[in-house]
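S.K.: Quick one: the structure is below, questions incoming.
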Amino acid sequence: MVERSSYLRRIRAGLKRSPIVALLGPRQCGKTTLAREFLPAESANYFDLEDPAVAAVLEQPMTALQPLRGLVVIDEAQRRPGLFPVLRVLADRAGEPATFLILGSASPDLSRQAAESLAGRVEIIELRGFDGGELPASDLTKLWLRGGFPRAFLAKSDADSLQWRRDFVRTFLERDLAGLGFGIAPTALGRFWTMISHYHGQIWNGSEVAASLGIAPNTARNHLEALEQTYMVRRLQPWHANLGKRLVKTPKIYFRDSGLFHTLQGIGTIGELHTHPKLGASWEGFALEETLQAVKPDQAYFYAVHNSAELDLFMLVGGRRIGVEFKREDAPRLTHSMQVAMQDLKLDHLSIIYPGTRRYALHEKINALPLRDVTDSARLTGKI
Ligand SMILES: Nc1ncnc2c1ncn2[C@@H]1O[C@H](COP(=O)(O)OP(=O)(O)OP(=O)(O)O)[C@@H](O)[C@H]1O
Ligand SMILES: [Mg+2]
């Protein structure tokens, strides 16, 4: 077992502050395992909506939930959006006789009903697969290759890991997606998913993707949203302040899990990864997710001016303006583009993340930082 103490701490703190905590994240990232640390599966307060008998009991949610005291866990909550208005009533009771930990594998945007019903009463904690901060530094390359899904990361061999991820993709398309009510044919989404793996780390060009798949641009947008709301894909928006410059205004897309990216690109071993044309994009995407996970910024963008400056990541963190560049180089140096971004965005600090082992300063406010040190968010954001 990999201990996930930072999540345990966050859930515990959330349950003290708020009558409802929602633990949301992609399929198979470890939600149920974490929830069982709070309440064993055999407890009468544990409801798994994937179990038909339990689902039947919750046909009458008010009757089933009202008498319960203490912590109540509802697993696979996205299967029953009708529950949320009931939870709202239960959360508003005087003296909070019960608190609720609800688990789901789709973002709250998917269920407007959930978001609206629970507004102001729910604390959302996003869970993902393992990240570098939860593992020894020596596991970083394995994490990059296999991705963070516990079963993919912990598999006995690279071949077993790849097989698990292939099965994950198939099950996701054939079963999970239908359960979430997207109404998209598995083969169509499968083709789309593979196609957009070629765009990992690039500016999203919806009409180009649609044309090459022979689908309508609207359909392409729906497919992208389905993958985004199930935590498979991240859309990074461009920073768009009015600087009188020709800014790029379309988002970039990234696979959130490097292991799934490798699966769709047919990369199964570190040798294959090192000789693959997508090596740079893969590393950059992995470093981006690790950074966002370590820092948990209030807002995140990229910055690009046509034919001029570029910055891979621009974050607002507690009122500070932090830039990050990802450079798969032995010894990154200060570039003109970095200096322009520094000025345009009035950065408080700029970190250049690279695969090396040495930390060094390039300027008063610019540091080169090894990827294995991104978990040190104070250093990454220039606070120390
Ligand atoms: N911290 C961990 N250490 C080792 N293995 C883990 C850990 N967390 C989860 N796993 C393993 O990963 C798999 C998925 O975990 P779990 O069922 O908790 O995920 P989930 O997010 O609830 O998945 P689903 O969305 O399919 O319900 C299980 O086989 C579980 O044993
Ligand atoms: Mg589960």
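Identifiers in the structure tokens: chain A, B, ... in order shown; residue index from 1 per chain; ligand index from 1 in order shown.
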Could I get the residue neighbourhood of ligand 2 at 7 Å, counting only C-alpha atoms and all ligand atoms, as a ChimeraX atom specification?
M.R.: /A:28,30-32,75-76
S.K.: Please produce a file of the residues just selected, as a PDB file, in the first residue's frame, where the atoms kept are C-alpha atoms.
M.R.:
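Contents of out20.pdb, as written:
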ATOM      1  CA  GLN A  28      -9.476   3.666 -10.476  1.00  0.00           C
ATOM      2  CA  GLY A  30      -8.051   5.159  -5.339  1.00  0.00           C
ATOM      3  CA  LYS A  31     -11.218   6.913  -4.114  1.00  0.00           C
ATOM      4  CA  THR A  32     -12.860   3.892  -2.510  1.00  0.00           C
ATOM      5  CA  ASP A  75     -19.679   5.809  -3.270  1.00  0.00           C
ATOM      6  CA  GLU A  76     -20.309   6.274  -7.015  1.00  0.00           C
TER       7      GLU A  76
END
S.K.: Please identify all protein, DNA and RNA residues within 7 Å of ligand 1, counting only C-alpha atoms and all ligand atoms, and report them as a PyMOL selection string.
M.R.: chain A and resi 1-4+25-34+76+105+149-151
S.K.: Would you give me, as a count of residues only, the residues in stretch 339-383 of chain A that DSSP reads as strand (DSSP E or B)?
M.R.: 15
S.K.: As a ChimeraX atom specification, please: the residues near A:Glu50 (cut-off 10 Å, only C-alpha atoms, same-chain neighbours under 2 positions excluded).
M.R.: /A:47-48,52-55,75-77,79
S.K.: Would you return as JSON, numbers by chain the members of stretch 89-220 of chain A that DSSP assigns to helix (DSSP H, G or I) on this structure's backbone?
M.R.: {"A": [89, 90, 91, 112, 113, 114, 115, 116, 117, 118, 132, 133, 134, 137, 138, 139, 140, 141, 142, 143, 144, 145, 146, 150, 151, 152, 153, 154, 158, 159, 160, 161, 162, 163, 164, 165, 166, 167, 168, 169, 170, 171, 172, 173, 174, 175, 176, 177, 178, 179, 186, 187, 188, 189, 190, 191, 192, 193, 194, 195, 196, 197, 206, 207, 208, 209, 210, 211, 212, 213, 217, 218, 219, 220]}
